[in-house]
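The structure appears right after this line, and notes come after that.
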Amino acid sequence: MVLTRVSGNEKLFRVDLATGTRTQLTFGTHDEASAQYLDGDTLVFSSTAVDPNETVDPEVAKNGTIYNLWTLNLKTNALLRFTDAVGGNLSPVVLQGGAAGARVAFVSYYKGDYSVHVLDRKEPLGKPATTEDFGSPGPIVDFQAPLTHTLLADNQKKKGKFEKLYLEGRPPVNVGLTSGGDFLGGTAVAFTDVLGDQQLTLFATSVSQYRSFSGSYINLERRFQYSLQGFSQTQFFFGQLEGVFYDPSFSGIIDRDFAVATTTTRGATAFGIWPFNRYRRVELSSGVVHFSERFEDPSLQEYSQGYQQQQFGRQLLNNGTMVPFSLAFIQETTVFREFGPLAGNTVRLSYEIAPRIGSTLTRQTVDLDARKYFRLGASGVLALRARGFKSWGDNPGFTYFGGNSELRGYDYLQFAGQNAFFANAELRLPLIDAMATPIGVLGGIRATLFAGIGGASFSGTPFTFSSSADSVERPVTGVNADLSPVLGAPVLVSGRRLVDGRGSYGVGLTTLALGFPAHFDWTWRTLLNRQWEDVVFAQAGGSAAFRRVKFSFWIGYDF
């Protein structure tokens with residue numbers, strides 16, 4: 001049994017395999033599809049035919065494209081219709097068991113969703129018909145388009161590079177809330193031409209009161225794509241790192257809000273993109289960028305500069321101009337659903353070098369971010385992520401992370417360093433399915449079981465990620481009036497523990513509110529050793545205060 005297009009419509013034909021003779025079985029100006037044998041004499045198939053015994057308006061009949069289930073008796077040419085859907089019924093499959101061909105499974109389309117149904121083939125709908133009611137065999141006429149066009153040479157012209165630019169869709173509005181309580185938001189406006197190979201994009205975002213803007217031009221005419229971008233970006237982090245930005249004796253009086261620092265970058269870059277295939281590409285880029293890194297408080301900024309110069313012989317917070325050249329390999333096979341990643345992987349490996357040109361800043365940086373998603377069942381996910389960052393040279397850069405989904409349970413952007421690493425494993429399971437509504441995706445609850453580990457350091461500062469050597473430690477229980485530490489009784493610490501590294505584990509719930517994921521996390525922070533936790537966190541309230549569950553709420557997408 002085959003389908004052949006006859007005068008613009010798909011019709012069923014029977015083929016004699018011995019002789020190759022083809023016999024037309026269905027007729028008319030409608031389409032058939034997906035035929036299967038119910039038994040040796042009967043076919044079941046999908047068809048857009050309407051009942052020939054009913055009067056149908058010609059315009060309705062001409063535009064009818066709704067598939068329903070029919071049967072055809074090959075001996076009597078009798079046609080019976082078994083469904084009358086408004087969306088469409090497709091791909092019938094005969095189920096085994098019971099009377100031959102009594103039950104048929106099929107795919108039904110209704111209101112934007114596909115679902116599987118089973119038909120107990122008992123009574124047909126309407127009156128029986130025959131194939132003769134729809135026509136009879138005749139010559140196969142080649143399809144003739146109802147409308148033809150004639151190209152006039154005088155009217156032919158080459159499209160201009162930016163001809164007929166238009167707004168590409170409704171600009172998105174993104175909002176969020178970090179686990180540190182800072183609001184963020186952003187939008188992008190994109191213009192493209194009629195072929196989609198010339199794009200102009202304007203992007204704006206804000207986290208807390210710090211804003212970033214960029215404008216770019218992208219050329220997608222050929223396989224080698226390129227882009228030009230100008231930007232002004234301000235990001236904040238927390239420089240609450242004693243022994244790095246200030247003397248450890250000030251740790252009791254320099255709190256998190258006092259240690260807010262910013263990184264502002266302004267400049268222009270050019271990108272070249274060469275795709276190997278739809279999933280993998282390399283990116284080359286270069287540009288001129290001006291850096292300005294500083295504490296928001298002027299007095300802390302002045303003191304920190306002197307301390308950094310004294311301790312390291314240079315400034316850790318960079319100010320100046322850099323001319324970077326970078327090469328990045330990117331692989332992206334991730335499949336997304338409304339709640340985030342579902343399957344696939346994302347990998348980005350980049351190398352950047354900024355050579356000395358006159359008085360410019362110089363550095364080298366390697367950055368790897370790898371993510372892997374394993375689909376479990378319909379929408380469960382095991383998500384794994386690892387990121388490593390290293391920068392070196394006369395003016396090395398640094399990264400910062402923490403909070404949200406990067407390392408749950410810790411303060412937002414708590415970790416900063418020229419050498420940084422963190423890894424996460426998260427099991428995300430659906431509890432209640434989400435609902436699509438006219439105002440967005442509502443409801444739905446997903447549970448998350450997570451664990452993470454990581455750490456960051458600056459070159460030239462002591463850093464031990466973990467250790468198993470026995471040691472006698474004295475916890476810091478307070479600060480004297482002269483800012484000297486108050487030490488507690490000596491404690492013997494033994495066994496494997498995180499020294500400067502940090503870890504956490506816990507559970508969370510995620511729900512979609514107007515399309516934005518809202519996360520509720522209950523986290524246990526850990527150093528993998530109870531004795532060591534008692535020492536390290538004694539000043540913060542002792543082991544009991546540290547080990548109790550920390551609750552976090554944030555809005556944004558998972559990694």
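Going through the structure tokens in order, the chains are called A, B, and so on, while each chain numbers its residues from 1 and the ligands are numbered from 1 in the order shown.
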
Q.
At a cut-off of 9 Å, using only C-alpha atoms, what residues contact Leu429 (chain A)? Leave out same-chain residues fewer than 3 positions from it and give the result as an NGL selection string.
A. :A and (376 or 379-382 or 445-449)

Could you pull out the residues in region 76-318 of chain A that DSSP calls strand (DSSP E) from the backbone, as an mmCIF file with N, CA and C atoms, in the first residue's frame?
data_model
loop_
_atom_site.group_PDB
_atom_site.id
_atom_site.type_symbol
_atom_site.label_atom_id
_atom_site.label_comp_id
_atom_site.auth_asym_id
_atom_site.auth_seq_id
_atom_site.Cartn_x
_atom_site.Cartn_y
_atom_site.Cartn_z
ATOM 1 N N ALA A 78 -16.535 -0.348 0.395
ATOM 2 C CA ALA A 78 -17.332 0.385 1.368
ATOM 3 C C ALA A 78 -16.414 1.237 2.249
ATOM 4 N N LEU A 79 -16.822 2.493 2.472
ATOM 5 C CA LEU A 79 -16.094 3.435 3.314
ATOM 6 C C LEU A 79 -16.920 3.748 4.563
ATOM 7 N N LEU A 80 -16.275 3.706 5.734
ATOM 8 C CA LEU A 80 -16.920 4.042 6.993
ATOM 9 C C LEU A 80 -16.053 5.043 7.752
ATOM 10 N N ARG A 81 -16.704 6.071 8.329
ATOM 11 C CA ARG A 81 -15.991 7.074 9.114
ATOM 12 C C ARG A 81 -16.256 6.817 10.601
ATOM 13 N N ASN A 89 -7.192 13.672 13.673
ATOM 14 C CA ASN A 89 -6.770 12.375 14.181
ATOM 15 C C ASN A 89 -5.866 11.724 13.150
ATOM 16 N N LEU A 90 -4.674 11.306 13.589
ATOM 17 C CA LEU A 90 -3.635 10.853 12.662
ATOM 18 C C LEU A 90 -3.014 9.551 13.134
ATOM 19 N N SER A 91 -2.255 8.933 12.242
ATOM 20 C CA SER A 91 -1.373 7.800 12.528
ATOM 21 C C SER A 91 -2.076 6.662 13.268
ATOM 22 N N PRO A 92 -3.126 6.042 12.679
ATOM 23 C CA PRO A 92 -3.787 4.921 13.346
ATOM 24 C C PRO A 92 -2.867 3.696 13.427
ATOM 25 N N VAL A 93 -2.933 2.998 14.557
ATOM 26 C CA VAL A 93 -2.167 1.774 14.771
ATOM 27 C C VAL A 93 -3.120 0.723 15.330
ATOM 28 N N VAL A 94 -3.159 -0.448 14.718
ATOM 29 C CA VAL A 94 -4.039 -1.525 15.157
ATOM 30 C C VAL A 94 -3.429 -2.196 16.389
ATOM 31 N N ARG A 103 -9.732 -2.623 18.091
ATOM 32 C CA ARG A 103 -9.238 -1.437 18.796
ATOM 33 C C ARG A 103 -8.090 -0.808 18.002
ATOM 34 N N VAL A 104 -8.183 0.521 17.870
ATOM 35 C CA VAL A 104 -7.192 1.265 17.084
ATOM 36 C C VAL A 104 -6.697 2.435 17.930
ATOM 37 N N ALA A 105 -5.375 2.570 18.059
ATOM 38 C CA ALA A 105 -4.781 3.724 18.724
ATOM 39 C C ALA A 105 -4.437 4.777 17.670
ATOM 40 N N PHE A 106 -4.530 6.044 18.053
ATOM 41 C CA PHE A 106 -4.221 7.111 17.101
ATOM 42 C C PHE A 106 -3.779 8.358 17.868
ATOM 43 N N VAL A 107 -3.160 9.280 17.145
ATOM 44 C CA VAL A 107 -2.706 10.555 17.697
ATOM 45 C C VAL A 107 -3.746 11.615 17.373
ATOM 46 N N SER A 108 -4.155 12.373 18.408
ATOM 47 C CA SER A 108 -5.162 13.408 18.235
ATOM 48 C C SER A 108 -4.553 14.779 18.533
ATOM 49 N N TYR A 109 -4.904 15.755 17.711
ATOM 50 C CA TYR A 109 -4.431 17.129 17.899
ATOM 51 C C TYR A 109 -5.601 17.997 18.321
ATOM 52 N N TYR A 110 -5.407 18.760 19.449
ATOM 53 C CA TYR A 110 -6.477 19.634 19.921
ATOM 54 C C TYR A 110 -5.876 20.754 20.752
ATOM 55 N N ASP A 113 -2.019 20.775 21.422
ATOM 56 C CA ASP A 113 -1.388 19.620 22.062
ATOM 57 C C ASP A 113 -1.709 18.349 21.291
ATOM 58 N N TYR A 114 -0.739 17.432 21.292
ATOM 59 C CA TYR A 114 -0.925 16.106 20.723
ATOM 60 C C TYR A 114 -1.104 15.099 21.854
ATOM 61 N N SER A 115 -2.044 14.182 21.717
ATOM 62 C CA SER A 115 -2.277 13.153 22.724
ATOM 63 C C SER A 115 -2.639 11.836 22.032
ATOM 64 N N VAL A 116 -2.460 10.732 22.748
ATOM 65 C CA VAL A 116 -2.738 9.403 22.205
ATOM 66 C C VAL A 116 -4.077 8.910 22.745
ATOM 67 N N HIS A 117 -4.924 8.393 21.854
ATOM 68 C CA HIS A 117 -6.235 7.878 22.227
ATOM 69 C C HIS A 117 -6.423 6.480 21.644
ATOM 70 N N VAL A 118 -7.407 5.767 22.178
ATOM 71 C CA VAL A 118 -7.757 4.433 21.687
ATOM 72 C C VAL A 118 -9.214 4.433 21.277
ATOM 73 N N LEU A 119 -9.509 3.883 20.096
ATOM 74 C CA LEU A 119 -10.867 3.812 19.558
ATOM 75 C C LEU A 119 -11.346 2.366 19.597
ATOM 76 N N ASP A 120 -12.453 2.124 20.292
ATOM 77 C CA ASP A 120 -13.121 0.825 20.221
ATOM 78 C C ASP A 120 -14.066 0.875 19.026
ATOM 79 N N LEU A 125 -19.754 6.497 12.185
ATOM 80 C CA LEU A 125 -20.504 7.742 12.202
ATOM 81 C C LEU A 125 -21.100 7.994 10.824
ATOM 82 N N GLY A 126 -22.335 8.468 10.798
ATOM 83 C CA GLY A 126 -22.960 8.786 9.520
ATOM 84 C C GLY A 126 -23.345 7.547 8.730
ATOM 85 N N LYS A 127 -23.729 7.778 7.482
ATOM 86 C CA LYS A 127 -24.157 6.694 6.608
ATOM 87 C C LYS A 127 -22.962 6.094 5.874
ATOM 88 N N PRO A 128 -23.003 4.802 5.560
ATOM 89 C CA PRO A 128 -21.920 4.199 4.773
ATOM 90 C C PRO A 128 -21.807 4.861 3.402
ATOM 91 N N ALA A 129 -20.587 4.861 2.878
ATOM 92 C CA ALA A 129 -20.333 5.400 1.538
ATOM 93 C C ALA A 129 -19.456 4.401 0.792
ATOM 94 N N THR A 130 -19.248 4.654 -0.495
ATOM 95 C CA THR A 130 -18.356 3.828 -1.298
ATOM 96 C C THR A 130 -17.347 4.729 -1.987
ATOM 97 N N TYR A 166 13.149 45.363 10.190
ATOM 98 C CA TYR A 166 11.936 45.351 10.991
ATOM 99 C C TYR A 166 12.254 44.793 12.372
ATOM 100 N N LEU A 167 11.392 45.087 13.332
ATOM 101 C CA LEU A 167 11.561 44.631 14.703
ATOM 102 C C LEU A 167 11.320 43.124 14.758
ATOM 103 N N VAL A 173 11.102 40.739 28.283
ATOM 104 C CA VAL A 173 11.330 41.412 29.565
ATOM 105 C C VAL A 173 11.727 40.333 30.563
ATOM 106 N N ASN A 174 12.967 40.380 31.037
ATOM 107 C CA ASN A 174 13.478 39.390 31.974
ATOM 108 C C ASN A 174 13.613 40.025 33.358
ATOM 109 N N VAL A 175 13.102 39.336 34.362
ATOM 110 C CA VAL A 175 13.210 39.820 35.732
ATOM 111 C C VAL A 175 13.724 38.699 36.615
ATOM 112 N N GLY A 176 14.304 39.061 37.746
ATOM 113 C CA GLY A 176 14.819 38.050 38.661
ATOM 114 C C GLY A 176 15.143 38.647 40.009
ATOM 115 N N LEU A 177 15.449 37.774 40.934
ATOM 116 C CA LEU A 177 15.840 38.161 42.285
ATOM 117 C C LEU A 177 16.942 37.213 42.721
ATOM 118 N N PHE A 183 17.505 42.724 43.058
ATOM 119 C CA PHE A 183 16.649 42.567 41.894
ATOM 120 C C PHE A 183 17.471 42.754 40.616
ATOM 121 N N LEU A 184 17.073 42.007 39.591
ATOM 122 C CA LEU A 184 17.725 42.151 38.297
ATOM 123 C C LEU A 184 16.656 42.135 37.209
ATOM 124 N N GLY A 185 16.982 42.752 36.102
ATOM 125 C CA GLY A 185 16.057 42.805 34.977
ATOM 126 C C GLY A 185 16.804 43.188 33.717
ATOM 127 N N GLY A 186 16.161 42.952 32.585
ATOM 128 C CA GLY A 186 16.816 43.283 31.328
ATOM 129 C C GLY A 186 15.885 43.086 30.149
ATOM 130 N N THR A 187 16.279 43.634 29.018
ATOM 131 C CA THR A 187 15.527 43.463 27.787
ATOM 132 C C THR A 187 16.470 43.612 26.612
ATOM 133 N N ALA A 188 16.029 43.174 25.447
ATOM 134 C CA ALA A 188 16.824 43.286 24.221
ATOM 135 C C ALA A 188 15.889 43.633 23.070
ATOM 136 N N VAL A 189 16.337 44.534 22.219
ATOM 137 C CA VAL A 189 15.583 44.925 21.041
ATOM 138 C C VAL A 189 16.418 44.548 19.827
ATOM 139 N N ALA A 190 15.842 43.749 18.919
ATOM 140 C CA ALA A 190 16.581 43.266 17.751
ATOM 141 C C ALA A 190 15.861 43.667 16.470
ATOM 142 N N PHE A 191 16.635 44.154 15.506
ATOM 143 C CA PHE A 191 16.126 44.484 14.186
ATOM 144 C C PHE A 191 16.830 43.582 13.175
ATOM 145 N N THR A 192 16.071 43.095 12.188
ATOM 146 C CA THR A 192 16.648 42.225 11.172
ATOM 147 C C THR A 192 16.065 42.574 9.820
ATOM 148 N N GLN A 198 21.150 40.099 8.400
ATOM 149 C CA GLN A 198 21.707 41.328 8.965
ATOM 150 C C GLN A 198 20.910 41.645 10.222
ATOM 151 N N GLN A 199 21.579 41.768 11.362
ATOM 152 C CA GLN A 199 20.872 42.002 12.612
ATOM 153 C C GLN A 199 21.526 43.136 13.396
ATOM 154 N N LEU A 200 20.690 43.982 13.964
ATOM 155 C CA LEU A 200 21.124 45.047 14.866
ATOM 156 C C LEU A 200 20.441 44.809 16.206
ATOM 157 N N THR A 201 21.212 44.763 17.280
ATOM 158 C CA THR A 201 20.666 44.411 18.593
ATOM 159 C C THR A 201 21.081 45.439 19.627
ATOM 160 N N LEU A 202 20.133 45.848 20.449
ATOM 161 C CA LEU A 202 20.382 46.713 21.596
ATOM 162 C C LEU A 202 19.992 45.941 22.855
ATOM 163 N N PHE A 203 20.875 45.932 23.843
ATOM 164 C CA PHE A 203 20.665 45.119 25.033
ATOM 165 C C PHE A 203 20.897 45.972 26.271
ATOM 166 N N ALA A 204 20.031 45.826 27.270
ATOM 167 C CA ALA A 204 20.176 46.566 28.530
ATOM 168 C C ALA A 204 19.808 45.646 29.685
ATOM 169 N N THR A 205 20.578 45.707 30.761
ATOM 170 C CA THR A 205 20.286 44.895 31.934
ATOM 171 C C THR A 205 20.720 45.651 33.176
ATOM 172 N N SER A 206 20.136 45.275 34.309
ATOM 173 C CA SER A 206 20.457 45.920 35.573
ATOM 174 C C SER A 206 20.397 44.889 36.680
ATOM 175 N N VAL A 207 21.416 44.875 37.538
ATOM 176 C CA VAL A 207 21.429 44.061 38.748
ATOM 177 C C VAL A 207 21.659 45.012 39.912
ATOM 178 N N TYR A 210 23.271 48.597 39.422
ATOM 179 C CA TYR A 210 24.376 48.593 38.465
ATOM 180 C C TYR A 210 23.868 48.155 37.089
ATOM 181 N N ARG A 211 24.163 48.952 36.072
ATOM 182 C CA ARG A 211 23.565 48.767 34.755
ATOM 183 C C ARG A 211 24.612 48.445 33.699
ATOM 184 N N SER A 212 24.152 47.736 32.666
ATOM 185 C CA SER A 212 24.999 47.386 31.530
ATOM 186 C C SER A 212 24.222 47.634 30.242
ATOM 187 N N PHE A 213 24.938 48.119 29.221
ATOM 188 C CA PHE A 213 24.336 48.394 27.924
ATOM 189 C C PHE A 213 25.281 47.880 26.837
ATOM 190 N N SER A 214 24.692 47.446 25.734
ATOM 191 C CA SER A 214 25.515 47.057 24.590
ATOM 192 C C SER A 214 24.706 47.197 23.316
ATOM 193 N N GLY A 215 25.411 47.446 22.231
ATOM 194 C CA GLY A 215 24.813 47.471 20.905
ATOM 195 C C GLY A 215 25.697 46.685 19.960
ATOM 196 N N SER A 216 25.093 45.878 19.093
ATOM 197 C CA SER A 216 25.903 45.023 18.228
ATOM 198 C C SER A 216 25.305 44.932 16.830
ATOM 199 N N TYR A 217 26.172 44.682 15.878
ATOM 200 C CA TYR A 217 25.793 44.385 14.493
ATOM 201 C C TYR A 217 26.305 42.991 14.167
ATOM 202 N N ILE A 218 25.439 42.144 13.627
ATOM 203 C CA ILE A 218 25.792 40.755 13.306
ATOM 204 C C ILE A 218 25.520 40.514 11.832
ATOM 205 N N ASN A 219 26.504 39.952 11.141
ATOM 206 C CA ASN A 219 26.371 39.613 9.721
ATOM 207 C C ASN A 219 26.368 38.098 9.583
ATOM 208 N N GLN A 225 30.700 34.082 9.924
ATOM 209 C CA GLN A 225 29.867 35.166 10.428
ATOM 210 C C GLN A 225 30.730 36.104 11.271
ATOM 211 N N TYR A 226 30.331 37.355 11.339
ATOM 212 C CA TYR A 226 31.098 38.286 12.161
ATOM 213 C C TYR A 226 30.168 39.278 12.842
ATOM 214 N N SER A 227 30.681 39.892 13.894
ATOM 215 C CA SER A 227 29.884 40.804 14.692
ATOM 216 C C SER A 227 30.771 41.925 15.217
ATOM 217 N N LEU A 228 30.200 43.104 15.355
ATOM 218 C CA LEU A 228 30.858 44.256 15.958
ATOM 219 C C LEU A 228 30.011 44.698 17.144
ATOM 220 N N GLN A 229 30.664 44.980 18.268
ATOM 221 C CA GLN A 229 29.921 45.289 19.480
ATOM 222 C C GLN A 229 30.578 46.421 20.261
ATOM 223 N N GLY A 230 29.752 47.320 20.771
ATOM 224 C CA GLY A 230 30.192 48.337 21.713
ATOM 225 C C GLY A 230 29.428 48.155 23.008
ATOM 226 N N PHE A 231 30.067 48.380 24.151
ATOM 227 C CA PHE A 231 29.407 48.062 25.416
ATOM 228 C C PHE A 231 29.932 48.928 26.553
ATOM 229 N N SER A 232 29.094 49.036 27.578
ATOM 230 C CA SER A 232 29.445 49.629 28.862
ATOM 231 C C SER A 232 28.794 48.755 29.915
ATOM 232 N N GLN A 233 29.599 48.082 30.715
ATOM 233 C CA GLN A 233 29.091 47.066 31.638
ATOM 234 C C GLN A 233 29.629 47.308 33.042
ATOM 235 N N THR A 234 28.732 47.335 34.014
ATOM 236 C CA THR A 234 29.126 47.463 35.414
ATOM 237 C C THR A 234 28.563 46.289 36.198
ATOM 238 N N GLN A 235 29.435 45.532 36.835
ATOM 239 C CA GLN A 235 29.046 44.413 37.671
ATOM 240 C C GLN A 235 29.593 44.628 39.078
ATOM 241 N N PHE A 236 28.895 44.073 40.067
ATOM 242 C CA PHE A 236 29.371 44.246 41.431
ATOM 243 C C PHE A 236 29.723 42.893 42.035
ATOM 244 N N PHE A 237 30.583 42.939 43.038
ATOM 245 C CA PHE A 237 30.931 41.752 43.810
ATOM 246 C C PHE A 237 31.242 42.206 45.229
ATOM 247 N N PHE A 238 31.500 41.257 46.098
ATOM 248 C CA PHE A 238 31.763 41.583 47.498
ATOM 249 C C PHE A 238 33.226 41.271 47.810
ATOM 250 N N VAL A 260 31.307 46.233 49.249
ATOM 251 C CA VAL A 260 30.809 46.177 47.871
ATOM 252 C C VAL A 260 31.825 46.825 46.937
ATOM 253 N N ALA A 261 32.163 46.112 45.855
ATOM 254 C CA ALA A 261 33.100 46.626 44.853
ATOM 255 C C ALA A 261 32.494 46.428 43.469
ATOM 256 N N THR A 262 32.986 47.169 42.508
ATOM 257 C CA THR A 262 32.440 47.091 41.153
ATOM 258 C C THR A 262 33.554 46.906 40.126
ATOM 259 N N THR A 263 33.175 46.264 39.032
ATOM 260 C CA THR A 263 34.031 46.150 37.850
ATOM 261 C C THR A 263 33.298 46.799 36.684
ATOM 262 N N THR A 264 33.852 47.851 36.134
ATOM 263 C CA THR A 264 33.254 48.536 34.987
ATOM 264 C C THR A 264 34.152 48.359 33.775
ATOM 265 N N THR A 265 33.583 47.855 32.700
ATOM 266 C CA THR A 265 34.330 47.675 31.451
ATOM 267 C C THR A 265 33.608 48.422 30.342
ATOM 268 N N ARG A 266 34.366 49.182 29.578
ATOM 269 C CA ARG A 266 33.816 49.906 28.435
ATOM 270 C C ARG A 266 34.745 49.706 27.253
ATOM 271 N N GLY A 267 34.158 49.526 26.082
ATOM 272 C CA GLY A 267 35.002 49.356 24.914
ATOM 273 C C GLY A 267 34.240 48.811 23.731
ATOM 274 N N ALA A 268 34.999 48.257 22.794
ATOM 275 C CA ALA A 268 34.434 47.702 21.562
ATOM 276 C C ALA A 268 35.201 46.438 21.194
ATOM 277 N N THR A 269 34.497 45.469 20.664
ATOM 278 C CA THR A 269 35.109 44.208 20.250
ATOM 279 C C THR A 269 34.568 43.789 18.886
ATOM 280 N N ALA A 270 35.349 42.963 18.208
ATOM 281 C CA ALA A 270 34.946 42.368 16.936
ATOM 282 C C ALA A 270 35.029 40.854 17.070
ATOM 283 N N PHE A 271 33.989 40.146 16.599
ATOM 284 C CA PHE A 271 33.922 38.692 16.690
ATOM 285 C C PHE A 271 33.902 38.083 15.299
ATOM 286 N N GLY A 272 34.580 36.959 15.150
ATOM 287 C CA GLY A 272 34.461 36.132 13.967
ATOM 288 C C GLY A 272 34.003 34.747 14.384
ATOM 289 N N ILE A 273 32.987 34.200 13.732
ATOM 290 C CA ILE A 273 32.378 32.933 14.129
ATOM 291 C C ILE A 273 32.427 31.961 12.954
ATOM 292 N N TRP A 274 32.995 30.778 13.196
ATOM 293 C CA TRP A 274 33.031 29.735 12.164
ATOM 294 C C TRP A 274 32.328 28.496 12.707
ATOM 295 N N PRO A 275 31.110 28.183 12.203
ATOM 296 C CA PRO A 275 30.407 26.997 12.679
ATOM 297 C C PRO A 275 30.895 25.737 11.963
ATOM 298 N N ARG A 280 28.390 22.963 16.935
ATOM 299 C CA ARG A 280 29.744 23.319 17.370
ATOM 300 C C ARG A 280 30.284 24.471 16.523
ATOM 301 N N ARG A 281 31.039 25.343 17.187
ATOM 302 C CA ARG A 281 31.612 26.479 16.476
ATOM 303 C C ARG A 281 32.842 26.976 17.225
ATOM 304 N N VAL A 282 33.641 27.778 16.553
ATOM 305 C CA VAL A 282 34.742 28.485 17.196
ATOM 306 C C VAL A 282 34.506 29.981 17.020
ATOM 307 N N GLU A 283 34.950 30.738 18.007
ATOM 308 C CA GLU A 283 34.811 32.187 17.967
ATOM 309 C C GLU A 283 36.165 32.841 18.192
ATOM 310 N N LEU A 284 36.501 33.775 17.328
ATOM 311 C CA LEU A 284 37.700 34.600 17.465
ATOM 312 C C LEU A 284 37.247 36.015 17.796
ATOM 313 N N SER A 285 37.949 36.686 18.691
ATOM 314 C CA SER A 285 37.545 38.053 19.018
ATOM 315 C C SER A 285 38.756 38.876 19.422
ATOM 316 N N SER A 286 38.616 40.171 19.247
ATOM 317 C CA SER A 286 39.641 41.117 19.678
ATOM 318 C C SER A 286 38.965 42.463 19.857
ATOM 319 N N GLY A 287 39.602 43.321 20.622
ATOM 320 C CA GLY A 287 39.019 44.633 20.840
ATOM 321 C C GLY A 287 39.875 45.499 21.741
ATOM 322 N N VAL A 288 39.312 46.590 22.164
ATOM 323 C CA VAL A 288 39.948 47.514 23.097
ATOM 324 C C VAL A 288 38.985 47.714 24.261
ATOM 325 N N VAL A 289 39.453 47.434 25.469
ATOM 326 C CA VAL A 289 38.583 47.462 26.649
ATOM 327 C C VAL A 289 39.269 48.263 27.753
ATOM 328 N N HIS A 290 38.507 49.140 28.383
ATOM 329 C CA HIS A 290 39.019 49.883 29.532
ATOM 330 C C HIS A 290 38.405 49.321 30.806
ATOM 331 N N PHE A 291 39.257 48.989 31.792
ATOM 332 C CA PHE A 291 38.828 48.414 33.056
ATOM 333 C C PHE A 291 38.877 49.453 34.169
ATOM 334 N N SER A 292 37.892 49.383 35.060
ATOM 335 C CA SER A 292 37.913 50.191 36.276
ATOM 336 C C SER A 292 37.325 49.339 37.397
ATOM 337 N N GLU A 293 38.200 48.879 38.318
ATOM 338 C CA GLU A 293 37.771 48.040 39.434
ATOM 339 C C GLU A 293 38.068 48.780 40.737
ATOM 340 N N ARG A 294 37.050 48.899 41.603
ATOM 341 C CA ARG A 294 37.237 49.692 42.809
ATOM 342 C C ARG A 294 36.170 49.344 43.836
ATOM 343 N N PHE A 295 36.490 49.625 45.129
ATOM 344 C CA PHE A 295 35.493 49.570 46.188
ATOM 345 C C PHE A 295 34.608 50.804 46.102
#

Neighbouring residues of Ala451 (chain A) were defined as those with any atom within 7 Å, considering only C-alpha atoms; residues of the same chain fewer than 2 positions away were excluded. Please report them as a short mmCIF file (atom, residue, chain, number, x, y, z; two decimals) with N, CA and C atoms, in the first residue's frame.
data_model
loop_
_atom_site.label_atom_id
_atom_site.label_comp_id
_atom_site.auth_asym_id
_atom_site.auth_seq_id
_atom_site.Cartn_x
_atom_site.Cartn_y
_atom_site.Cartn_z
N ASN A 424 28.67 21.25 40.55
CA ASN A 424 27.33 21.02 41.09
C ASN A 424 26.74 19.75 40.49
N ALA A 425 25.91 19.07 41.27
CA ALA A 425 25.08 17.97 40.81
C ALA A 425 23.68 18.19 41.34
N GLU A 426 22.68 18.17 40.46
CA GLU A 426 21.32 18.44 40.88
C GLU A 426 20.36 17.45 40.23
N SER A 504 28.19 22.33 50.00
CA SER A 504 26.81 22.43 50.50
C SER A 504 25.97 21.34 49.87
N TYR A 505 24.85 21.04 50.50
CA TYR A 505 23.88 20.10 49.96
C TYR A 505 22.52 20.47 50.51
N GLY A 506 21.45 19.99 49.87
CA GLY A 506 20.14 20.34 50.37
C GLY A 506 19.03 19.97 49.41
#

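In this structure, CA of Pro490 (chain A) sits 6.2 Å away from CA of Val472 (chain A).
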
Q.
Ranking A:Gly397, A:Gly495, A:Pro355, A:Gly444 by minimum distance to Ser471 (chain A) and counting only C-alpha atoms, which one comes first?
A. A:Gly495

Could you build a table of the residues in region 275-394 of chain A lying no more than 12 Å from region 509-527 of chain A, giving for each the nearest pair of atoms and their separation in Å rounded to one decimal place, using only C-alpha atoms, ordered by chain and ascending residue number, as CSV?
residue,atom,partner,partner_atom,distance
A:Arg337,CA,A:Gly515,CA,11.3
A:Glu338,CA,A:Gly515,CA,7.6
A:Phe339,CA,A:Pro517,CA,7.0
A:Gly340,CA,A:Pro517,CA,8.8

**Q.** Backbone-only DSSP, alpha helix (DSSP H) members of region 30-240 of chain A, as a PyMOL selection string
**A.** chain A and resi 58-62

(Q) For a quick check of understanding, using only C-alpha atoms, which of A:Gly488, A:Leu349, A:Val476, A:Ala416 has the smallest distance to Gly454 (chain A)? (A)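 Looking only at the distances to Gly454 (chain A), the closest residue turns out to be A:Ala416.
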
(Q) If I take CA of Ala538 (chain A) and CA of Pro248 (chain A), how far is one from the other in Å, to one decimal? (A)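 According to the coordinates, CA of Ala538 (chain A) and CA of Pro248 (chain A) are separated by 16.3 Å.
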
(Q) Would you pick out the contacts of region 160-163 of chain A at 7 Å or less, using only C-alpha atoms, so that residues sharing its chain but fewer than 2 positions from it are not included, and give the list as a PyMOL selection string? (A) chain A and resi 158+165+193+198

Save out the residues we just selected, N, CA and C atoms, as a JSON list (two decimals), in the first residue's frame.
[["chain", "number", "residue", "atom", "x", "y", "z"],
["A", 158, "LYS", "N", 19.26, 43.93, -6.70],
["A", 158, "LYS", "CA", 19.90, 43.29, -5.55],
["A", 158, "LYS", "C", 19.44, 43.98, -4.27],
["A", 165, "LEU", "N", 14.52, 46.81, 7.23],
["A", 165, "LEU", "CA", 14.70, 46.30, 8.58],
["A", 165, "LEU", "C", 13.37, 46.34, 9.34],
["A", 193, "ASP", "N", 16.74, 42.14, 8.74],
["A", 193, "ASP", "CA", 16.23, 42.40, 7.41],
["A", 193, "ASP", "C", 15.35, 41.24, 6.96],
["A", 198, "GLN", "N", 21.15, 40.10, 8.40],
["A", 198, "GLN", "CA", 21.71, 41.33, 8.96],
["A", 198, "GLN", "C", 20.91, 41.65, 10.22]]
